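Some notes on the structure that comes next.
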Number of protein chains: 2
Amino acid sequence: MSPVQSPALPPATSLPPVSDLTAHLGFWLRLVSNHVSHAFAAKLAATEVTVAEWSLMRALYDKAPMPPSRIADDMGLTRGAITKLADRLIAKALIVRAASPDDGRAQTLALTERGTALVPALAALADRNDAEFFDALTPDERASLLRLLKGLAERGQMTATPIE
Amino acid sequence: MSPVQSPALPPATSLPPVSDLTAHLGFWLRLVSNHVSHAFAAKLAATEVTVAEWSLMRALYDKAPMPPSRIADDMGLTRGAITKLADRLIAKALIVRAASPDDGRAQTLALTERGTALVPALAALADRNDAEFFDALTPDERASLLRLLKGLAERGQMTATPIE
DNA sequence: CGGAGATAGTTTCCTAGTCAATCAAAGAGG
DNA sequence: CCTCTTTGATTGACTAGGAAACTATCTCCG
């Protein structure tokens with residue numbers, strides 16, 4: 001702009017204008033997403049598992065034993081993270097780790113009986129959490145939001161399960 | 001259910017059905033949000049600041065020096081987190097910490113000249129990131145998504161800035 | 001005034017990830 | 001077959017943030 005300097009109000013008034021954060025869709029997306037996740041974490045706090053632990057348990061439910069690498073891909077975490085996450089769940093006797101029969105390097109993870117039995121109650125919490133936020137929308141609005149989000153996910157090649 | 005047991009296919013086939021993760025709007029919200037954030041983090045990796053650091057710098061830009069507590073509220077982080085975040089930015093000479101003139105307990109944070117000069121370039125990265133994901137939508141779709149998200153945010157009393 | 005409680009910020013300890021190094025088992029090629 | 005490379009998992013060093021304890025200061029009120 002012009003070299004004319006305005007007469008120094010507290011923060012020098014002639015800063016280059018910068019777009020407002022709230023102008024970004026990403027801002028609102030993250031705001032809402034964070035709140036939904038946080039509310040779910042609060043519900044899980046009453047249980048013996050964390051959000052990431054629930055996510056891993058859900059991934060194993062009603063499926064054959066799976067290698068950690070597969071789960072890492074599904075959950076969008078590194079293998080190292082899965083190793084430690086699995087360690088915690090094993091310590092709680094909710095899952096078991098076993099050597100793969102066909103590949104000497106590989107391991108498999110599977111829910112224990114206790115872990116399996118716990119999943120439905122946790123899933124109910126997840127259902128309730130989702131309802132708590134999105135039942136406020138009309139069915140049309142829900143459908144519209146779902147369509148938009150799925151479209152973005154598809155276009156952006158977003159595959160991994162976010163840690164829910 | 002009935003005591004009849006199905007004849008043991010790999011994972012016993014008679015588990016209580018549990019709602020699919022992808023049935024939840026929260027799932028898709030988080031999936032997209034995580035991807036957008038991650039893409040932005042990748043862009044910032046080429047700079048000298050992290051996402052949280054950018055967020056703090058943006059909060060200070062074009063405003064009078066602010067107390068850390070205010071920033072903690074704005075960013076949705078604890079005060080302890082802001083102390084450490086500020087320490088890192090001070091080490092990079094991007095912000096300064098000063099004692100508040102009127103309250104002996106309080107501190108204020110403000111951008112340095114260098115920090116101020118850096119903000120517009122970072123803001124441009126943020127703009128570009130948002131555009132990258134959401135320009136794929138039509139103007140109508142963008143407006144619709146924005147309206148839905150703002151409505152959810154308002155209804156859920158979501159105030160704090162998510163760490164962008 | 002002076003002490004009780006509230007408030008601002010920092011610090012400490014803990015949790016949960018990433019990244020890079022490591023090790024063992026598989027697979028490929030001469 | 002023997003080496004080279006790749007792959008699966010684990011480990012260790014490091015980072016970022018939360019919760020709660022702690023310190024200093026302020027405010028209120030008897």
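Quick note on naming: the chains in the structure tokens go A, B, ... in the order shown, residues restart at 1 in each chain, and ligands are numbered from 1 in order of appearance.
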Self-check item: chain D contacts on chain A, only C-alpha atoms (C1' of nucleotides), 8 Å, as a PyMOL selection string
Solution: chain A and resi 69+79-80+83+105-107
Self-check item: Residues within 9 Å of segment 17-32 of chain A, only C-alpha atoms (C1' of nucleotides), excluding chain neighbours under 2 positions, as a PyMOL selection string
Solution: (chain A and resi 14-15+34-37) or (chain B and resi 26+29-30+32-34+36-37+58+61-62+119-120+123-124+126-127+129-131+133-134+142+145-146+149-150+152-153+156+158-164)
Exercise. Please report as a PyMOL selection string which residues of chain C come no farther than 12 Å from chain A, using only C-alpha atoms (C1' of nucleotides).
Key: chain C and resi 15-20+23-27
Quiz prompt | Shortest interatomic distance to chain B - which of A:Val96, A:Ala91, A:Ala46, A:Pro65, counting only C-alpha atoms | solution = A:Pro65
Exercise. Would you please extract all alpha helix (DSSP H) residues from segment 6-129 of chain B, as assigned by DSSP on the backbone, and give them as a PyMOL selection string?
Key: chain B and resi 25-44+51-60+68-75+79-91+113-129
Take chain A, lay it over chain B with a least-squares fit on all the Cα atoms in order, then hand it over as a compact mmCIF listing (two decimals) with N, CA and C atoms, in the first residue's frame.
# COMPACT_ATOMS: atom_id res chain seq x y z
N MET A 1 -31.00 -64.32 21.27
CA MET A 1 -31.60 -65.15 20.24
C MET A 1 -31.79 -66.58 20.73
N SER A 2 -32.04 -67.46 19.78
CA SER A 2 -32.25 -68.86 20.17
C SER A 2 -30.94 -69.48 20.67
N PRO A 3 -31.05 -70.52 21.48
CA PRO A 3 -29.84 -71.15 22.00
C PRO A 3 -29.12 -71.98 20.93
N VAL A 4 -29.66 -72.05 19.74
CA VAL A 4 -28.99 -72.81 18.69
C VAL A 4 -27.65 -72.16 18.34
N GLN A 5 -26.62 -72.92 18.38
CA GLN A 5 -25.27 -72.40 18.11
C GLN A 5 -24.89 -72.76 16.67
N SER A 6 -24.43 -71.78 15.92
CA SER A 6 -24.01 -72.13 14.56
C SER A 6 -22.66 -72.84 14.63
N PRO A 7 -22.37 -73.64 13.61
CA PRO A 7 -21.27 -74.61 13.68
C PRO A 7 -19.89 -74.01 13.48
N ALA A 8 -19.52 -73.08 14.37
CA ALA A 8 -18.15 -72.56 14.46
C ALA A 8 -17.41 -72.34 13.15
N LEU A 9 -17.76 -71.26 12.47
CA LEU A 9 -16.87 -70.75 11.43
C LEU A 9 -15.77 -69.97 12.15
N PRO A 10 -14.72 -69.62 11.45
CA PRO A 10 -13.54 -69.03 12.13
C PRO A 10 -13.87 -68.17 13.34
N PRO A 11 -14.48 -66.95 13.15
CA PRO A 11 -14.92 -66.25 14.36
C PRO A 11 -16.33 -66.71 14.60
N ALA A 12 -16.59 -67.22 15.77
CA ALA A 12 -17.92 -67.77 16.08
C ALA A 12 -18.95 -66.84 15.47
N THR A 13 -19.86 -67.36 14.72
CA THR A 13 -20.71 -66.55 13.87
C THR A 13 -21.87 -65.92 14.61
N SER A 14 -22.05 -66.26 15.88
CA SER A 14 -23.25 -65.80 16.57
C SER A 14 -22.97 -64.65 17.54
N LEU A 15 -22.16 -63.71 17.13
CA LEU A 15 -21.88 -62.57 18.01
C LEU A 15 -23.02 -61.57 17.93
N PRO A 16 -23.29 -60.88 19.03
CA PRO A 16 -24.29 -59.81 18.96
C PRO A 16 -23.88 -58.84 17.88
N PRO A 17 -24.81 -58.44 17.03
CA PRO A 17 -24.46 -57.48 15.98
C PRO A 17 -24.15 -56.13 16.59
N VAL A 18 -23.17 -55.47 16.02
CA VAL A 18 -22.72 -54.18 16.54
C VAL A 18 -22.71 -53.21 15.38
N SER A 19 -23.18 -51.99 15.61
CA SER A 19 -23.30 -51.05 14.50
C SER A 19 -21.95 -50.79 13.84
N ASP A 20 -22.00 -50.64 12.55
CA ASP A 20 -20.79 -50.39 11.78
C ASP A 20 -20.26 -48.99 12.11
N LEU A 21 -18.94 -48.89 12.19
CA LEU A 21 -18.33 -47.59 12.47
C LEU A 21 -18.74 -46.55 11.45
N THR A 22 -18.77 -46.98 10.20
CA THR A 22 -19.02 -46.02 9.12
C THR A 22 -20.48 -45.58 9.08
N ALA A 23 -21.29 -46.11 9.98
CA ALA A 23 -22.66 -45.64 10.08
C ALA A 23 -22.71 -44.30 10.81
N HIS A 24 -21.63 -43.96 11.49
CA HIS A 24 -21.61 -42.74 12.29
C HIS A 24 -21.15 -41.53 11.48
N LEU A 25 -21.89 -40.46 11.59
CA LEU A 25 -21.44 -39.22 10.97
C LEU A 25 -20.12 -38.79 11.57
N GLY A 26 -19.97 -39.02 12.88
CA GLY A 26 -18.72 -38.66 13.54
C GLY A 26 -17.51 -39.31 12.89
N PHE A 27 -17.70 -40.50 12.41
CA PHE A 27 -16.61 -41.20 11.73
C PHE A 27 -16.14 -40.43 10.51
N TRP A 28 -17.08 -40.05 9.67
CA TRP A 28 -16.71 -39.36 8.43
C TRP A 28 -16.17 -37.97 8.70
N LEU A 29 -16.74 -37.35 9.70
CA LEU A 29 -16.28 -36.03 10.09
C LEU A 29 -14.80 -36.10 10.48
N ARG A 30 -14.49 -37.07 11.30
CA ARG A 30 -13.12 -37.21 11.78
C ARG A 30 -12.19 -37.61 10.65
N LEU A 31 -12.68 -38.49 9.79
CA LEU A 31 -11.85 -38.93 8.67
C LEU A 31 -11.41 -37.74 7.82
N VAL A 32 -12.37 -36.95 7.42
CA VAL A 32 -12.06 -35.81 6.56
C VAL A 32 -11.22 -34.79 7.33
N SER A 33 -11.66 -34.47 8.53
CA SER A 33 -10.94 -33.48 9.33
C SER A 33 -9.48 -33.88 9.52
N ASN A 34 -9.25 -35.13 9.84
CA ASN A 34 -7.87 -35.59 10.04
C ASN A 34 -7.04 -35.43 8.77
N HIS A 35 -7.65 -35.73 7.64
CA HIS A 35 -6.89 -35.62 6.40
C HIS A 35 -6.55 -34.17 6.08
N VAL A 36 -7.51 -33.29 6.28
CA VAL A 36 -7.26 -31.88 6.01
C VAL A 36 -6.14 -31.36 6.92
N SER A 37 -6.23 -31.72 8.20
CA SER A 37 -5.20 -31.28 9.14
C SER A 37 -3.83 -31.84 8.78
N HIS A 38 -3.83 -33.10 8.42
CA HIS A 38 -2.55 -33.73 8.11
C HIS A 38 -1.91 -33.09 6.89
N ALA A 39 -2.74 -32.77 5.90
CA ALA A 39 -2.22 -32.13 4.70
C ALA A 39 -1.64 -30.75 5.04
N PHE A 40 -2.29 -30.08 5.96
CA PHE A 40 -1.78 -28.76 6.36
C PHE A 40 -0.45 -28.92 7.11
N ALA A 41 -0.39 -29.89 7.98
CA ALA A 41 0.86 -30.15 8.70
C ALA A 41 1.99 -30.43 7.72
N ALA A 42 1.67 -31.16 6.66
CA ALA A 42 2.70 -31.48 5.67
C ALA A 42 3.21 -30.20 5.00
N LYS A 43 2.29 -29.27 4.73
CA LYS A 43 2.72 -28.02 4.12
C LYS A 43 3.58 -27.21 5.08
N LEU A 44 3.20 -27.20 6.33
CA LEU A 44 3.96 -26.44 7.32
C LEU A 44 5.34 -27.05 7.58
N ALA A 45 5.48 -28.32 7.27
CA ALA A 45 6.76 -28.99 7.54
C ALA A 45 7.91 -28.29 6.82
N ALA A 46 7.59 -27.64 5.71
CA ALA A 46 8.63 -26.92 4.97
C ALA A 46 8.99 -25.60 5.64
N THR A 47 8.20 -25.18 6.62
CA THR A 47 8.47 -23.92 7.31
C THR A 47 9.14 -24.22 8.65
N GLU A 48 9.33 -23.18 9.43
CA GLU A 48 9.99 -23.41 10.72
C GLU A 48 9.00 -23.60 11.86
N VAL A 49 7.71 -23.66 11.56
CA VAL A 49 6.73 -23.79 12.64
C VAL A 49 5.83 -25.02 12.48
N THR A 50 5.28 -25.46 13.59
CA THR A 50 4.32 -26.56 13.58
C THR A 50 2.91 -26.00 13.52
N VAL A 51 1.94 -26.89 13.44
CA VAL A 51 0.56 -26.45 13.34
C VAL A 51 0.14 -25.69 14.59
N ALA A 52 0.47 -26.23 15.76
CA ALA A 52 0.08 -25.55 17.00
C ALA A 52 0.77 -24.19 17.10
N GLU A 53 2.02 -24.14 16.68
CA GLU A 53 2.75 -22.87 16.72
C GLU A 53 2.10 -21.84 15.80
N TRP A 54 1.73 -22.27 14.60
CA TRP A 54 1.02 -21.39 13.68
C TRP A 54 -0.25 -20.86 14.33
N SER A 55 -0.97 -21.76 14.97
CA SER A 55 -2.24 -21.39 15.56
C SER A 55 -2.05 -20.29 16.61
N LEU A 56 -1.03 -20.44 17.41
CA LEU A 56 -0.75 -19.42 18.42
C LEU A 56 -0.35 -18.11 17.77
N MET A 57 0.49 -18.18 16.75
CA MET A 57 0.92 -16.96 16.07
C MET A 57 -0.27 -16.24 15.44
N ARG A 58 -1.15 -17.03 14.84
CA ARG A 58 -2.34 -16.43 14.22
C ARG A 58 -3.20 -15.73 15.27
N ALA A 59 -3.25 -16.33 16.46
CA ALA A 59 -4.08 -15.75 17.52
C ALA A 59 -3.52 -14.40 17.98
N LEU A 60 -2.22 -14.23 17.84
CA LEU A 60 -1.60 -12.99 18.30
C LEU A 60 -1.58 -11.91 17.22
N TYR A 61 -1.69 -12.34 15.98
CA TYR A 61 -1.56 -11.40 14.86
C TYR A 61 -2.65 -10.34 14.92
N ASP A 62 -2.32 -9.16 14.62
CA ASP A 62 -3.21 -7.99 14.55
C ASP A 62 -4.05 -7.82 15.82
N LYS A 63 -3.48 -8.23 16.94
CA LYS A 63 -4.16 -8.00 18.22
C LYS A 63 -3.14 -7.49 19.24
N ALA A 64 -3.63 -6.86 20.29
CA ALA A 64 -2.75 -6.39 21.36
C ALA A 64 -2.18 -7.60 22.09
N PRO A 65 -1.03 -7.42 22.77
CA PRO A 65 -0.44 -8.53 23.54
C PRO A 65 -1.48 -9.20 24.42
N MET A 66 -1.45 -10.53 24.47
CA MET A 66 -2.48 -11.28 25.17
C MET A 66 -1.88 -12.17 26.24
N PRO A 67 -2.62 -12.37 27.33
CA PRO A 67 -2.16 -13.29 28.38
C PRO A 67 -2.30 -14.73 27.90
N PRO A 68 -1.40 -15.60 28.34
CA PRO A 68 -1.44 -17.01 27.96
C PRO A 68 -2.77 -17.67 28.28
N SER A 69 -3.39 -17.25 29.38
CA SER A 69 -4.64 -17.90 29.78
C SER A 69 -5.71 -17.69 28.71
N ARG A 70 -5.74 -16.50 28.17
CA ARG A 70 -6.70 -16.17 27.14
C ARG A 70 -6.47 -17.07 25.92
N ILE A 71 -5.20 -17.23 25.57
CA ILE A 71 -4.87 -18.05 24.41
C ILE A 71 -5.23 -19.50 24.63
N ALA A 72 -5.01 -19.96 25.86
CA ALA A 72 -5.36 -21.34 26.19
C ALA A 72 -6.84 -21.57 25.94
N ASP A 73 -7.66 -20.63 26.39
CA ASP A 73 -9.09 -20.76 26.17
C ASP A 73 -9.39 -20.76 24.67
N ASP A 74 -8.81 -19.80 23.96
CA ASP A 74 -9.07 -19.68 22.53
C ASP A 74 -8.68 -20.94 21.77
N MET A 75 -7.56 -21.53 22.15
CA MET A 75 -7.05 -22.65 21.38
C MET A 75 -7.53 -23.99 21.89
N GLY A 76 -8.20 -24.00 23.02
CA GLY A 76 -8.66 -25.27 23.56
C GLY A 76 -7.53 -26.12 24.09
N LEU A 77 -6.49 -25.47 24.61
CA LEU A 77 -5.38 -26.21 25.24
C LEU A 77 -5.30 -25.78 26.70
N THR A 78 -4.54 -26.54 27.49
CA THR A 78 -4.35 -26.15 28.89
C THR A 78 -3.31 -25.04 28.97
N ARG A 79 -3.27 -24.41 30.12
CA ARG A 79 -2.27 -23.35 30.31
C ARG A 79 -0.85 -23.91 30.26
N GLY A 80 -0.70 -25.08 30.83
CA GLY A 80 0.62 -25.71 30.79
C GLY A 80 1.10 -25.89 29.35
N ALA A 81 0.20 -26.29 28.48
CA ALA A 81 0.56 -26.49 27.08
C ALA A 81 0.99 -25.18 26.45
N ILE A 82 0.28 -24.11 26.79
CA ILE A 82 0.62 -22.80 26.22
C ILE A 82 1.99 -22.34 26.71
N THR A 83 2.27 -22.57 27.97
CA THR A 83 3.58 -22.21 28.49
C THR A 83 4.69 -22.83 27.64
N LYS A 84 4.54 -24.12 27.36
CA LYS A 84 5.60 -24.81 26.61
C LYS A 84 5.61 -24.41 25.15
N LEU A 85 4.41 -24.25 24.59
CA LEU A 85 4.31 -23.81 23.20
C LEU A 85 4.97 -22.44 23.06
N ALA A 86 4.69 -21.55 24.00
CA ALA A 86 5.28 -20.21 23.97
C ALA A 86 6.80 -20.30 24.11
N ASP A 87 7.26 -21.19 24.99
CA ASP A 87 8.71 -21.37 25.14
C ASP A 87 9.36 -21.69 23.80
N ARG A 88 8.72 -22.57 23.05
CA ARG A 88 9.30 -22.97 21.77
C ARG A 88 9.34 -21.79 20.80
N LEU A 89 8.26 -21.01 20.77
CA LEU A 89 8.21 -19.88 19.84
C LEU A 89 9.17 -18.78 20.27
N ILE A 90 9.36 -18.63 21.58
CA ILE A 90 10.32 -17.64 22.06
C ILE A 90 11.73 -18.05 21.65
N ALA A 91 12.00 -19.36 21.75
CA ALA A 91 13.32 -19.85 21.35
C ALA A 91 13.59 -19.57 19.88
N LYS A 92 12.52 -19.53 19.08
CA LYS A 92 12.68 -19.23 17.65
C LYS A 92 12.57 -17.74 17.38
N ALA A 93 12.47 -16.95 18.41
CA ALA A 93 12.40 -15.49 18.28
C ALA A 93 11.19 -15.05 17.46
N LEU A 94 10.10 -15.80 17.56
CA LEU A 94 8.90 -15.43 16.83
C LEU A 94 7.89 -14.71 17.72
N ILE A 95 7.97 -14.94 19.02
CA ILE A 95 7.13 -14.19 19.95
C ILE A 95 7.98 -13.75 21.14
N VAL A 96 7.43 -12.86 21.96
CA VAL A 96 8.09 -12.45 23.21
C VAL A 96 7.10 -12.55 24.36
N ARG A 97 7.67 -12.81 25.53
CA ARG A 97 6.85 -12.86 26.75
C ARG A 97 7.24 -11.65 27.59
N ALA A 98 6.25 -10.96 28.15
CA ALA A 98 6.54 -9.80 28.99
C ALA A 98 5.61 -9.80 30.19
N ALA A 99 6.07 -9.27 31.30
CA ALA A 99 5.22 -9.17 32.48
C ALA A 99 4.10 -8.19 32.20
N SER A 100 2.91 -8.52 32.69
CA SER A 100 1.79 -7.61 32.52
C SER A 100 2.00 -6.38 33.39
N PRO A 101 1.70 -5.17 32.84
CA PRO A 101 1.90 -3.96 33.63
C PRO A 101 0.93 -3.86 34.81
N ASP A 102 -0.29 -4.36 34.63
CA ASP A 102 -1.30 -4.12 35.68
C ASP A 102 -1.52 -5.28 36.64
N ASP A 103 -1.02 -6.45 36.32
CA ASP A 103 -1.23 -7.58 37.21
C ASP A 103 0.09 -8.33 37.39
N GLY A 104 0.58 -8.32 38.58
CA GLY A 104 1.89 -8.88 38.87
C GLY A 104 2.02 -10.36 38.58
N ARG A 105 0.87 -11.08 38.51
CA ARG A 105 0.94 -12.51 38.23
C ARG A 105 0.99 -12.78 36.73
N ALA A 106 0.37 -11.89 35.99
CA ALA A 106 0.09 -12.18 34.58
C ALA A 106 1.27 -11.91 33.66
N GLN A 107 1.28 -12.60 32.55
CA GLN A 107 2.24 -12.39 31.49
C GLN A 107 1.47 -11.96 30.25
N THR A 108 2.19 -11.43 29.27
CA THR A 108 1.55 -11.21 27.97
C THR A 108 2.46 -11.76 26.90
N LEU A 109 1.84 -12.22 25.83
CA LEU A 109 2.58 -12.73 24.68
C LEU A 109 2.28 -11.82 23.50
N ALA A 110 3.30 -11.61 22.69
CA ALA A 110 3.12 -10.80 21.48
C ALA A 110 4.11 -11.28 20.43
N LEU A 111 3.74 -11.11 19.17
CA LEU A 111 4.64 -11.48 18.08
C LEU A 111 5.83 -10.53 18.03
N THR A 112 6.97 -11.04 17.68
CA THR A 112 8.09 -10.17 17.35
C THR A 112 7.87 -9.64 15.93
N GLU A 113 8.76 -8.76 15.52
CA GLU A 113 8.65 -8.25 14.16
C GLU A 113 8.78 -9.40 13.16
N ARG A 114 9.74 -10.26 13.44
CA ARG A 114 9.96 -11.41 12.57
C ARG A 114 8.73 -12.31 12.54
N GLY A 115 8.16 -12.54 13.70
CA GLY A 115 6.96 -13.37 13.78
C GLY A 115 5.81 -12.76 12.99
N THR A 116 5.63 -11.47 13.17
CA THR A 116 4.57 -10.77 12.45
C THR A 116 4.75 -10.90 10.95
N ALA A 117 5.99 -10.75 10.53
CA ALA A 117 6.28 -10.79 9.09
C ALA A 117 6.01 -12.17 8.51
N LEU A 118 6.11 -13.19 9.35
CA LEU A 118 5.95 -14.56 8.86
C LEU A 118 4.49 -14.95 8.67
N VAL A 119 3.62 -14.33 9.44
CA VAL A 119 2.21 -14.77 9.45
C VAL A 119 1.54 -14.78 8.07
N PRO A 120 1.66 -13.72 7.28
CA PRO A 120 0.93 -13.74 6.01
C PRO A 120 1.28 -14.93 5.12
N ALA A 121 2.55 -15.30 5.08
CA ALA A 121 2.94 -16.45 4.25
C ALA A 121 2.30 -17.73 4.77
N LEU A 122 2.26 -17.87 6.08
CA LEU A 122 1.65 -19.07 6.67
C LEU A 122 0.15 -19.07 6.41
N ALA A 123 -0.46 -17.90 6.52
CA ALA A 123 -1.89 -17.80 6.25
C ALA A 123 -2.20 -18.20 4.82
N ALA A 124 -1.28 -17.86 3.92
CA ALA A 124 -1.48 -18.24 2.52
C ALA A 124 -1.46 -19.76 2.38
N LEU A 125 -0.59 -20.41 3.13
CA LEU A 125 -0.57 -21.89 3.13
C LEU A 125 -1.89 -22.45 3.62
N ALA A 126 -2.41 -21.84 4.67
CA ALA A 126 -3.68 -22.30 5.22
C ALA A 126 -4.80 -22.12 4.20
N ASP A 127 -4.80 -20.97 3.52
CA ASP A 127 -5.80 -20.73 2.48
C ASP A 127 -5.69 -21.79 1.40
N ARG A 128 -4.47 -22.04 0.98
CA ARG A 128 -4.25 -22.99 -0.11
C ARG A 128 -4.71 -24.38 0.31
N ASN A 129 -4.43 -24.73 1.56
CA ASN A 129 -4.82 -26.06 2.02
C ASN A 129 -6.34 -26.22 2.01
N ASP A 130 -7.02 -25.20 2.50
CA ASP A 130 -8.47 -25.27 2.53
C ASP A 130 -9.03 -25.37 1.11
N ALA A 131 -8.48 -24.58 0.23
CA ALA A 131 -8.96 -24.58 -1.15
C ALA A 131 -8.75 -25.95 -1.79
N GLU A 132 -7.61 -26.54 -1.49
CA GLU A 132 -7.25 -27.82 -2.08
C GLU A 132 -8.32 -28.88 -1.84
N PHE A 133 -8.91 -28.83 -0.65
CA PHE A 133 -9.91 -29.84 -0.33
C PHE A 133 -11.31 -29.41 -0.73
N PHE A 134 -11.63 -28.14 -0.51
CA PHE A 134 -13.04 -27.76 -0.60
C PHE A 134 -13.41 -27.08 -1.90
N ASP A 135 -12.43 -26.74 -2.71
CA ASP A 135 -12.78 -26.19 -4.02
C ASP A 135 -13.42 -27.25 -4.90
N ALA A 136 -13.27 -28.51 -4.49
CA ALA A 136 -13.92 -29.58 -5.25
C ALA A 136 -15.43 -29.51 -5.13
N LEU A 137 -15.89 -28.87 -4.07
CA LEU A 137 -17.34 -28.74 -3.88
C LEU A 137 -17.87 -27.55 -4.69
N THR A 138 -19.13 -27.61 -5.03
CA THR A 138 -19.76 -26.46 -5.67
C THR A 138 -20.00 -25.39 -4.61
N PRO A 139 -20.16 -24.14 -5.03
CA PRO A 139 -20.44 -23.07 -4.06
C PRO A 139 -21.64 -23.41 -3.18
N ASP A 140 -22.65 -23.99 -3.76
CA ASP A 140 -23.82 -24.38 -2.97
C ASP A 140 -23.46 -25.42 -1.93
N GLU A 141 -22.68 -26.38 -2.33
CA GLU A 141 -22.28 -27.43 -1.39
C GLU A 141 -21.44 -26.84 -0.26
N ARG A 142 -20.53 -25.96 -0.62
CA ARG A 142 -19.71 -25.32 0.42
C ARG A 142 -20.59 -24.56 1.41
N ALA A 143 -21.54 -23.84 0.87
CA ALA A 143 -22.42 -23.06 1.75
C ALA A 143 -23.22 -23.99 2.66
N SER A 144 -23.67 -25.07 2.08
CA SER A 144 -24.47 -26.02 2.83
C SER A 144 -23.65 -26.66 3.95
N LEU A 145 -22.44 -27.08 3.60
CA LEU A 145 -21.56 -27.70 4.60
C LEU A 145 -21.25 -26.71 5.72
N LEU A 146 -20.94 -25.49 5.33
CA LEU A 146 -20.62 -24.47 6.32
C LEU A 146 -21.80 -24.23 7.26
N ARG A 147 -22.98 -24.16 6.69
CA ARG A 147 -24.18 -23.91 7.49
C ARG A 147 -24.39 -25.06 8.48
N LEU A 148 -24.27 -26.29 8.01
CA LEU A 148 -24.48 -27.44 8.88
C LEU A 148 -23.46 -27.46 10.01
N LEU A 149 -22.21 -27.22 9.67
CA LEU A 149 -21.16 -27.27 10.69
C LEU A 149 -21.33 -26.15 11.71
N LYS A 150 -21.63 -24.95 11.22
CA LYS A 150 -21.84 -23.84 12.15
C LYS A 150 -23.02 -24.12 13.06
N GLY A 151 -24.05 -24.71 12.50
CA GLY A 151 -25.22 -25.05 13.31
C GLY A 151 -24.87 -26.03 14.40
N LEU A 152 -24.11 -27.05 14.04
CA LEU A 152 -23.69 -28.04 15.04
C LEU A 152 -22.83 -27.37 16.11
N ALA A 153 -21.94 -26.50 15.67
CA ALA A 153 -21.03 -25.83 16.60
C ALA A 153 -21.82 -24.98 17.59
N GLU A 154 -22.80 -24.28 17.06
CA GLU A 154 -23.59 -23.40 17.92
C GLU A 154 -24.40 -24.22 18.91
N ARG A 155 -25.07 -25.23 18.39
CA ARG A 155 -25.91 -26.06 19.25
C ARG A 155 -25.10 -26.72 20.35
N GLY A 156 -23.87 -27.14 19.99
CA GLY A 156 -23.04 -27.87 20.95
C GLY A 156 -22.17 -26.96 21.79
N GLN A 157 -22.40 -25.64 21.71
CA GLN A 157 -21.62 -24.70 22.52
C GLN A 157 -20.12 -24.87 22.27
N MET A 158 -19.76 -25.09 21.02
CA MET A 158 -18.34 -25.34 20.74
C MET A 158 -17.65 -24.01 20.53
N THR A 159 -16.82 -23.64 21.48
CA THR A 159 -16.23 -22.30 21.42
C THR A 159 -14.76 -22.30 21.05
N ALA A 160 -13.98 -23.15 21.70
CA ALA A 160 -12.53 -23.09 21.53
C ALA A 160 -12.12 -23.36 20.09
N THR A 161 -11.12 -22.62 19.65
CA THR A 161 -10.51 -22.88 18.37
C THR A 161 -9.86 -24.25 18.39
N PRO A 162 -10.19 -25.12 17.47
CA PRO A 162 -9.47 -26.38 17.41
C PRO A 162 -8.05 -26.08 16.94
N ILE A 163 -7.09 -26.81 17.40
CA ILE A 163 -5.71 -26.57 17.02
C ILE A 163 -5.57 -26.76 15.52
N GLU A 164 -5.53 -25.66 14.78
CA GLU A 164 -5.46 -25.79 13.32
C GLU A 164 -4.04 -25.64 12.81
